[in-house]
Amino acid sequence: MIIDFHTHIFPPKVRDERDDYVRRDATFAEMYADPKSKLASAEDLLEQMDESGVDASVAVGFGWDDQELCVRHNEYLLEEAAKSKGRIIPFCTINPAHDTAAEEAMRCARAGAKGLGELRPDSQGWSLTGEAGKELANAAKRENLILLFHVTEPVGRGYPGKQGGALTEFAEFATAHQEIAIVGAHLAGGLPFYAPMPEVRETFDHVYVDTAAQRLLYDHTAYEHLIGLIGAERILLGSDYPLVPQSRQIEELRSGVFRSSDLDLILGTNAERLLGLQEKD
């Protein structure tokens with residue numbers, strides 16, 4: 001089973017009325033004001049999955065500043081996930097800086113969400129190490145939700161949307177909340193490369209990293225380095241579709257991971273276990 005743990009879909013209205021959303025949200029404007037920036041719908045994602053041999057995809061929400069936009073996006077994610085009969089797995093979106101965030105997390109969990117993401121603390125105006133971060137952790141624990149964060153690598157080139165979640169705060173949050181499952185997008189901003197530090201290595205008992213947009217950040221040698229540092233058991237296939245085609249991300253993993261047992265874990269087995277899908281077999 002192949003599971004893509006990091007894809008993005010938006011309600012068609014967002015694509016049709018892009019300029020309006022550009023005016024309403026600064027981070028959305030940074031990433032999608034250019035008409036060439038791709039916005040995918042659920043139908044686009046399902047078609048891409050069929051073409052790429054992907055069995056299921058986690059569709060993550062966007063880190064809207066306005067909680068009302070989070071709710072609208074969640075309604076779309078939940079509706080399309082239900083229609084897909086398990087092929088689309090919803091990770092809903094909240095802004096923990098808003099008073100109704102915990103209530104929305106509960107609503108989404110009861111409606112079938114498996115997690116919350118892609119959370120962007122710096123973009124949304126709250127701190128992972130502050131009160132909002134504590135409330136988020138409490139909600140995740142209470143509703144048994146996985147948390148997926150955008151994590152910014154502190155070096156390297158700049159790109160639209162890079163500054164969404166500081167690596168240092170992500171590491172501190174992960175250390176403080178070992179009772180919940182956490183996924184760091186984009187190889188968790190490079191956190192695994194600090195794994196020789198015992199304090200960092202211990203966080204990978206409950207932290208996973210996804211490979212979203214890896215090909216735009218690191219060269220092909222990164223995979224074997226990652227496996228040596230944290231083990232293949234902590235790595236999840238993530239394409240960041242539509243930014244990167246799913247087939248291209250899968251082919252890159254197949255050419256960059258040398259052991260078939262490791263590849264099987266990364267392409268799907270880890271995600272099946274984390275999402276609790278194996279329990280249904």
# chains A, B, ... in the order shown; residues from 1 in each chain; ligands from 1

$ select_by_dssp --residues "segment 6-173 of chain A" --states "strand (DSSP E)" --output "ChimeraX atom specification"
/A:6-8,56-60,88-92,115-119,146-149

$ residues_around --residues "Arg110 of chain A" --least-positions-apart "6" --cutoff "12 Å" --atoms "only C-alpha atoms" --output "list in words"
Leu78, Pro90, Cys92, Glu103, Glu104, Arg142, Glu143, Asn144 and Leu145 of chain A

$ write_last_selection --atoms "C-alpha atoms" --output "PDB file, in the first residue's frame"
ATOM      1  CA  LEU A  78     -14.220  16.216   5.420  1.00  0.00           C
ATOM      2  CA  PRO A  90      -8.357  14.500   6.132  1.00  0.00           C
ATOM      3  CA  CYS A  92      -8.027  19.580   9.225  1.00  0.00           C
ATOM      4  CA  GLU A 103     -13.963  23.303  19.575  1.00  0.00           C
ATOM      5  CA  GLU A 104     -13.225  23.059  15.855  1.00  0.00           C
ATOM      6  CA  ARG A 142      -7.946  14.492  24.016  1.00  0.00           C
ATOM      7  CA  GLU A 143      -9.137  13.759  20.457  1.00  0.00           C
ATOM      8  CA  ASN A 144      -6.313  11.352  19.512  1.00  0.00           C
ATOM      9  CA  LEU A 145      -5.171  13.551  16.629  1.00  0.00           C
TER      10      LEU A 145
END

$ closest_atom_pairs --of "segment 151-247 of chain A" --to "segment 254-278 of chain A" --cutoff "12 Å" --atoms "only C-alpha atoms" --output "CSV"
residue,atom,partner,partner_atom,distance
A:Ile180,CA,A:Leu274,CA,11.2
A:Ala181,CA,A:Leu274,CA,8.1
A:Ile182,CA,A:Leu274,CA,10.0
A:Val183,CA,A:Leu274,CA,10.2
A:His206,CA,A:Leu274,CA,10.0
A:Val207,CA,A:Leu274,CA,10.7
A:Tyr208,CA,A:Asn270,CA,9.3
A:Val209,CA,A:Ile266,CA,10.1
A:Asp210,CA,A:Ile266,CA,9.0
A:Thr211,CA,A:Ile266,CA,9.3
A:Gln214,CA,A:Gly256,CA,11.6
A:Arg215,CA,A:Gly256,CA,11.0
A:Tyr218,CA,A:Gly256,CA,11.9
A:Asp219,CA,A:Gly256,CA,9.7
A:His220,CA,A:Gly256,CA,6.0
A:Thr221,CA,A:Gly256,CA,6.8
A:Ala222,CA,A:Gly256,CA,8.2
A:Tyr223,CA,A:Gly256,CA,6.2
A:Glu224,CA,A:Val257,CA,6.2
A:His225,CA,A:Val257,CA,9.9
A:Leu226,CA,A:Val257,CA,10.1
A:Ile227,CA,A:Asp262,CA,8.2
A:Gly228,CA,A:Asp262,CA,10.9
A:Ile230,CA,A:Asp262,CA,12.0
A:Gly231,CA,A:Asp262,CA,8.5
A:Ala232,CA,A:Asp262,CA,5.4
A:Glu233,CA,A:Asn270,CA,6.2
A:Arg234,CA,A:Asn270,CA,7.3
A:Ile235,CA,A:Ile266,CA,5.5
A:Leu236,CA,A:Ile266,CA,5.0
A:Leu237,CA,A:Leu267,CA,5.3
A:Gly238,CA,A:Leu267,CA,8.8
A:Ser239,CA,A:Leu267,CA,11.0
A:Gln246,CA,A:Leu267,CA,11.3
A:Ser247,CA,A:Arg254,CA,10.5

$ write_last_selection --atoms "N, CA and C atoms" --output "CSV table (one decimal), in the first residue's frame"
chain,number,residue,atom,x,y,z
A,180,ILE,N,2.0,12.7,22.3
A,180,ILE,CA,1.2,12.8,21.0
A,180,ILE,C,2.1,12.5,19.8
A,181,ALA,N,1.5,12.0,18.8
A,181,ALA,CA,2.2,11.7,17.5
A,181,ALA,C,2.4,13.1,16.8
A,182,ILE,N,3.6,13.3,16.3
A,182,ILE,CA,3.9,14.6,15.6
A,182,ILE,C,4.6,14.3,14.3
A,183,VAL,N,4.3,15.0,13.3
A,183,VAL,CA,4.9,14.9,12.0
A,183,VAL,C,5.5,16.2,11.6
A,206,HIS,N,8.5,9.6,19.1
A,206,HIS,CA,7.1,9.9,18.7
A,206,HIS,C,7.0,10.9,17.6
A,207,VAL,N,8.1,11.3,17.0
A,207,VAL,CA,8.2,12.3,15.9
A,207,VAL,C,8.5,11.6,14.6
A,208,TYR,N,7.8,11.9,13.6
A,208,TYR,CA,8.0,11.4,12.2
A,208,TYR,C,8.4,12.6,11.3
A,209,VAL,N,9.0,12.3,10.2
A,209,VAL,CA,9.3,13.4,9.2
A,209,VAL,C,8.7,12.9,7.9
A,210,ASP,N,8.2,13.9,7.1
A,210,ASP,CA,7.7,13.5,5.8
A,210,ASP,C,8.7,14.1,4.8
A,211,THR,N,8.6,13.6,3.6
A,211,THR,CA,9.6,14.0,2.5
A,211,THR,C,9.1,15.1,1.6
A,214,GLN,N,11.2,17.4,-0.7
A,214,GLN,CA,12.5,17.1,-0.4
A,214,GLN,C,13.4,17.4,-1.6
A,215,ARG,N,13.0,17.1,-2.8
A,215,ARG,CA,13.8,17.3,-4.0
A,215,ARG,C,14.2,18.8,-4.2
A,218,TYR,N,17.0,19.3,-0.6
A,218,TYR,CA,18.2,18.5,-0.4
A,218,TYR,C,18.6,17.7,-1.6
A,219,ASP,N,19.8,17.2,-1.7
A,219,ASP,CA,20.1,16.3,-2.8
A,219,ASP,C,19.8,14.9,-2.6
A,220,HIS,N,20.0,14.0,-3.5
A,220,HIS,CA,19.5,12.6,-3.4
A,220,HIS,C,20.2,11.8,-2.3
A,221,THR,N,21.3,12.3,-1.8
A,221,THR,CA,21.9,11.5,-0.7
A,221,THR,C,21.2,11.6,0.6
A,222,ALA,N,20.3,12.5,0.7
A,222,ALA,CA,19.6,12.8,2.0
A,222,ALA,C,18.9,11.6,2.6
A,223,TYR,N,18.3,10.8,1.8
A,223,TYR,CA,17.5,9.6,2.3
A,223,TYR,C,18.4,8.7,3.1
A,224,GLU,N,19.5,8.2,2.5
A,224,GLU,CA,20.3,7.3,3.3
A,224,GLU,C,20.9,7.9,4.5
A,225,HIS,N,21.2,9.2,4.5
A,225,HIS,CA,21.7,9.8,5.7
A,225,HIS,C,20.5,9.8,6.8
A,226,LEU,N,19.3,10.1,6.4
A,226,LEU,CA,18.2,10.1,7.3
A,226,LEU,C,18.0,8.7,7.9
A,227,ILE,N,18.0,7.7,7.1
A,227,ILE,CA,17.8,6.3,7.6
A,227,ILE,C,18.9,6.0,8.6
A,228,GLY,N,20.1,6.4,8.3
A,228,GLY,CA,21.2,6.1,9.3
A,228,GLY,C,21.0,6.8,10.6
A,230,ILE,N,17.9,8.3,12.0
A,230,ILE,CA,16.7,8.1,12.7
A,230,ILE,C,15.9,6.8,12.4
A,231,GLY,N,16.4,6.1,11.4
A,231,GLY,CA,15.8,4.8,11.0
A,231,GLY,C,14.6,5.1,10.0
A,232,ALA,N,14.4,4.1,9.1
A,232,ALA,CA,13.4,4.2,8.1
A,232,ALA,C,12.0,4.2,8.7
A,233,GLU,N,11.9,3.7,10.0
A,233,GLU,CA,10.6,3.7,10.6
A,233,GLU,C,10.0,5.0,11.0
A,234,ARG,N,10.8,6.1,10.8
A,234,ARG,CA,10.3,7.4,11.2
A,234,ARG,C,10.1,8.3,10.0
A,235,ILE,N,10.2,7.8,8.8
A,235,ILE,CA,10.1,8.6,7.6
A,235,ILE,C,8.8,8.2,6.8
A,236,LEU,N,8.1,9.2,6.4
A,236,LEU,CA,6.9,9.1,5.6
A,236,LEU,C,7.0,9.7,4.2
A,237,LEU,N,6.5,9.0,3.3
A,237,LEU,CA,6.3,9.5,1.9
A,237,LEU,C,5.5,10.8,2.0
A,238,GLY,N,5.9,11.9,1.4
A,238,GLY,CA,5.1,13.1,1.3
A,238,GLY,C,5.6,13.8,0.0
A,239,SER,N,4.6,14.1,-0.8
A,239,SER,CA,5.0,14.7,-2.1
A,239,SER,C,4.9,16.3,-2.1
A,246,GLN,N,3.2,13.3,-7.5
A,246,GLN,CA,3.4,12.1,-6.7
A,246,GLN,C,4.3,11.1,-7.3
A,247,SER,N,4.1,10.9,-8.6
A,247,SER,CA,5.0,9.9,-9.3
A,247,SER,C,6.5,10.2,-9.2

$ closest_residue --among "A:Ala166, A:Ile88, A:Ala212, A:Ala140" --to "Ala59 of chain A" --atoms "only C-alpha atoms"
A:Ile88

$ atom_distance --atom1 "atom CA of Gly63 of chain A" --atom2 "atom CA of Asp4 of chain A"
19.5 Å

$ select_by_dssp --residues "segment 29-127 of chain A" --states "helix (DSSP H, G or I)" --output "ChimeraX atom specification"
/A:29-32,42-52,67-83,101-110,121-124

$ closest_residue --among "A:Ala109, A:Ala101, A:Leu77, A:Leu167" --to "Phe193 of chain A" --atoms "only C-alpha atoms"
A:Leu167

$ closest_residue --among "A:Pro160, A:Asp99, A:Gly112, A:Leu148" --to "Ala29 of chain A" --atoms "only C-alpha atoms"
A:Pro160

$ residues_around --residues "Ile9 of chain A" --least-positions-apart "4" --cutoff "8 Å" --atoms "only C-alpha atoms" --output "VMD selection string"
chain A and resid 39 to 42 45 59 to 61 77

$ closest_residue --among "A:His186, A:Lys85, A:His98, A:His6" --to "Trp126 of chain A" --atoms "only C-alpha atoms"
A:His98

$ closest_residue --among "A:Asp25, A:Asp34, A:Glu153, A:Glu172" --to "Thr129 of chain A" --atoms "only C-alpha atoms"
A:Glu172
